[in-house]
Amino acid sequence: MRLGKNQRQHRIAQILRRESVSSQDHLVQLLDAEGVAATQATVSRDLDDLGAVKVPTGGGSVYAIPELPTEQIAPDDHLRRVLGEWVVAVGCSQNLIVLNTPPGSAHVVGSAIDRSAIGGVLGTVAGDDTVLVVATEDPGGHFVAEFFRSQAGLSDAGESA
């Protein structure tokens with residue numbers, strides 16, 4: 001059956017909440033199993049519209065739809081795991097912190113920070129391989145940067161900008 005865009009996206013969100021979906025093709029198959037016709041290109045656009053991101057798991061990565069940060073707080077060990085796996089360098093200047101990641105990974109780190117409710121963080125902007133974190137004046141960027149370094153397992157020697 002052909003569903004309207006909003007109905008199809010609602011189904012996709014339901015599937016992503018209950019199943020580990022690692023590829024768009026897999027999602028097309030799951031939709032098909034529910035009797036919903038969709039192409040990979042349509043699913044790709046729907047995932048973008050829904051704000052879906054790929055998050056790391058023990059065996060690869062799966063699609064997830066981040067909730068509003070105030071409604072869903074990630075556990076501390078999730079942030080530690082994401083930072084430890086994806087952050088390769090941390091730099092700081094005043095209240096701006098730059099986290100470097102491998103290409104294509106910054107959104108994973110930015111989403112984890114946004115969902116972690118870290119005190120002293122106003123927000124993040126994620127590119128392809130860089131996350132800009134804006135810290136509050138108190139405790140300040142250097143304190144927050146040191147927290148990220150610690151969580152990522154990085155020494156502070158040579159990591160400051």
# chains A, B, ... in the order shown; residues from 1 in each chain; ligands from 1

call {"tool": "residues_around", "arguments": {"residues": "region 122-137 of chain A", "least_positions_apart": "6", "cutoff": "9 Å", "atoms": "only C-alpha atoms", "output": "list of chain:residue names"}}
result
A:Gln94, A:Asn95, A:Leu96, A:Ile97, A:Val98, A:Leu99, A:Asn100, A:Thr101, A:Pro102, A:Pro103, A:Gly104, A:Ser105, A:Ala106, A:His107, A:Val108, A:Val109, A:Gly110, A:Ser111, A:Ile113, A:Asp114, A:Val144, A:Ala145

call {"tool": "residues_around", "arguments": {"residues": "region 19-32 of chain A", "least_positions_apart": "6", "cutoff": "10 Å", "atoms": "only C-alpha atoms", "output": "MDAnalysis selection string"}}
result
chainID A and resid 1 8 11:12 38:44 47 54:57 59:64

call {"tool": "write_last_selection", "arguments": {"atoms": "N, CA, C and O atoms", "output": "PDB file, in the first residue's frame"}}
result
ATOM      1  N   MET A   1       0.839  -1.174   0.000  1.00  0.00           N
ATOM      2  CA  MET A   1       0.000   0.000   0.000  1.00  0.00           C
ATOM      3  C   MET A   1       0.889   1.243   0.000  1.00  0.00           C
ATOM      4  O   MET A   1       1.987   1.226   0.523  1.00  0.00           O
ATOM      5  N   ARG A   8       3.872   7.419   6.392  1.00  0.00           N
ATOM      6  CA  ARG A   8       5.053   6.581   6.157  1.00  0.00           C
ATOM      7  C   ARG A   8       6.154   6.935   7.167  1.00  0.00           C
ATOM      8  O   ARG A   8       6.782   6.049   7.750  1.00  0.00           O
ATOM      9  N   ARG A  11       5.439   5.439  10.487  1.00  0.00           N
ATOM     10  CA  ARG A  11       5.777   4.003  10.492  1.00  0.00           C
ATOM     11  C   ARG A  11       7.284   3.803  10.638  1.00  0.00           C
ATOM     12  O   ARG A  11       7.733   2.917  11.363  1.00  0.00           O
ATOM     13  N   ILE A  12       8.049   4.609   9.915  1.00  0.00           N
ATOM     14  CA  ILE A  12       9.509   4.503   9.993  1.00  0.00           C
ATOM     15  C   ILE A  12       9.972   4.771  11.430  1.00  0.00           C
ATOM     16  O   ILE A  12      10.796   4.029  11.972  1.00  0.00           O
ATOM     17  N   ALA A  38       7.839   1.533  -0.533  1.00  0.00           N
ATOM     18  CA  ALA A  38       8.722   2.705  -0.515  1.00  0.00           C
ATOM     19  C   ALA A  38      10.033   2.327  -1.191  1.00  0.00           C
ATOM     20  O   ALA A  38      10.491   1.190  -1.084  1.00  0.00           O
ATOM     21  N   THR A  39      10.623   3.287  -1.861  1.00  0.00           N
ATOM     22  CA  THR A  39      11.924   3.052  -2.486  1.00  0.00           C
ATOM     23  C   THR A  39      13.026   3.489  -1.527  1.00  0.00           C
ATOM     24  O   THR A  39      12.779   4.211  -0.555  1.00  0.00           O
ATOM     25  N   GLN A  40      14.247   3.083  -1.835  1.00  0.00           N
ATOM     26  CA  GLN A  40      15.395   3.489  -1.011  1.00  0.00           C
ATOM     27  C   GLN A  40      15.547   5.000  -1.034  1.00  0.00           C
ATOM     28  O   GLN A  40      15.840   5.620  -0.006  1.00  0.00           O
ATOM     29  N   ALA A  41      15.328   5.637  -2.176  1.00  0.00           N
ATOM     30  CA  ALA A  41      15.453   7.094  -2.273  1.00  0.00           C
ATOM     31  C   ALA A  41      14.418   7.786  -1.389  1.00  0.00           C
ATOM     32  O   ALA A  41      14.722   8.777  -0.713  1.00  0.00           O
ATOM     33  N   THR A  42      13.202   7.268  -1.368  1.00  0.00           N
ATOM     34  CA  THR A  42      12.154   7.843  -0.524  1.00  0.00           C
ATOM     35  C   THR A  42      12.505   7.673   0.950  1.00  0.00           C
ATOM     36  O   THR A  42      12.370   8.604   1.752  1.00  0.00           O
ATOM     37  N   VAL A  43      12.970   6.486   1.309  1.00  0.00           N
ATOM     38  CA  VAL A  43      13.363   6.222   2.697  1.00  0.00           C
ATOM     39  C   VAL A  43      14.513   7.149   3.103  1.00  0.00           C
ATOM     40  O   VAL A  43      14.531   7.675   4.216  1.00  0.00           O
ATOM     41  N   SER A  44      15.441   7.383   2.211  1.00  0.00           N
ATOM     42  CA  SER A  44      16.558   8.279   2.494  1.00  0.00           C
ATOM     43  C   SER A  44      16.055   9.689   2.823  1.00  0.00           C
ATOM     44  O   SER A  44      16.478  10.300   3.807  1.00  0.00           O
ATOM     45  N   LEU A  47      14.277   9.658   6.245  1.00  0.00           N
ATOM     46  CA  LEU A  47      15.227   9.639   7.359  1.00  0.00           C
ATOM     47  C   LEU A  47      15.793  11.034   7.601  1.00  0.00           C
ATOM     48  O   LEU A  47      15.935  11.469   8.752  1.00  0.00           O
ATOM     49  N   LYS A  54      22.853   7.959  12.498  1.00  0.00           N
ATOM     50  CA  LYS A  54      23.410   6.631  12.761  1.00  0.00           C
ATOM     51  C   LYS A  54      24.185   6.708  14.067  1.00  0.00           C
ATOM     52  O   LYS A  54      25.005   7.598  14.256  1.00  0.00           O
ATOM     53  N   VAL A  55      23.889   5.791  14.961  1.00  0.00           N
ATOM     54  CA  VAL A  55      24.572   5.754  16.248  1.00  0.00           C
ATOM     55  C   VAL A  55      25.338   4.446  16.368  1.00  0.00           C
ATOM     56  O   VAL A  55      24.878   3.401  15.907  1.00  0.00           O
ATOM     57  N   PRO A  56      26.526   4.506  16.981  1.00  0.00           N
ATOM     58  CA  PRO A  56      27.329   3.294  17.100  1.00  0.00           C
ATOM     59  C   PRO A  56      26.724   2.300  18.091  1.00  0.00           C
ATOM     60  O   PRO A  56      26.127   2.695  19.091  1.00  0.00           O
ATOM     61  N   THR A  57      26.873   1.030  17.759  1.00  0.00           N
ATOM     62  CA  THR A  57      26.478  -0.047  18.664  1.00  0.00           C
ATOM     63  C   THR A  57      27.660  -0.991  18.757  1.00  0.00           C
ATOM     64  O   THR A  57      28.672  -0.791  18.097  1.00  0.00           O
ATOM     65  N   GLY A  59      28.066  -3.779  17.422  1.00  0.00           N
ATOM     66  CA  GLY A  59      28.362  -4.470  16.178  1.00  0.00           C
ATOM     67  C   GLY A  59      28.256  -3.612  14.938  1.00  0.00           C
ATOM     68  O   GLY A  59      28.001  -4.119  13.862  1.00  0.00           O
ATOM     69  N   GLY A  60      28.417  -2.325  15.048  1.00  0.00           N
ATOM     70  CA  GLY A  60      28.298  -1.450  13.886  1.00  0.00           C
ATOM     71  C   GLY A  60      27.546  -0.188  14.254  1.00  0.00           C
ATOM     72  O   GLY A  60      27.796   0.397  15.293  1.00  0.00           O
ATOM     73  N   SER A  61      26.596   0.213  13.407  1.00  0.00           N
ATOM     74  CA  SER A  61      25.789   1.379  13.731  1.00  0.00           C
ATOM     75  C   SER A  61      24.371   1.174  13.206  1.00  0.00           C
ATOM     76  O   SER A  61      24.151   0.423  12.262  1.00  0.00           O
ATOM     77  N   VAL A  62      23.431   1.837  13.861  1.00  0.00           N
ATOM     78  CA  VAL A  62      22.019   1.721  13.503  1.00  0.00           C
ATOM     79  C   VAL A  62      21.396   3.112  13.450  1.00  0.00           C
ATOM     80  O   VAL A  62      21.897   4.056  14.056  1.00  0.00           O
ATOM     81  N   TYR A  63      20.290   3.224  12.730  1.00  0.00           N
ATOM     82  CA  TYR A  63      19.558   4.480  12.665  1.00  0.00           C
ATOM     83  C   TYR A  63      18.772   4.703  13.950  1.00  0.00           C
ATOM     84  O   TYR A  63      18.221   3.765  14.522  1.00  0.00           O
ATOM     85  N   ALA A  64      18.732   5.969  14.374  1.00  0.00           N
ATOM     86  CA  ALA A  64      17.934   6.363  15.538  1.00  0.00           C
ATOM     87  C   ALA A  64      17.428   7.773  15.304  1.00  0.00           C
ATOM     88  O   ALA A  64      18.036   8.554  14.580  1.00  0.00           O
TER      89      ALA A  64
END

call {"tool": "select_by_dssp", "arguments": {"residues": "region 1-40 of chain A", "states": "alpha helix (DSSP H)", "output": "list in words"}}
result
Lys5, Asn6, Gln7, Arg8, Gln9, His10, Arg11, Ile12, Ala13, Gln14, Ile15, Leu16, Arg17, Arg18, Gln24, Asp25, His26, Leu27, Val28, Gln29, Leu30, Leu31, Asp32, Ala33 and Gln40 of chain A

call {"tool": "atom_distance", "arguments": {"atom1": "CA of Arg115 (chain A)", "atom2": "CA of Gln14 (chain A)"}}
result
20.0 Å

call {"tool": "atom_distance", "arguments": {"atom1": "CA of Ile65 (chain A)", "atom2": "CA of Arg2 (chain A)"}}
result
22.8 Å
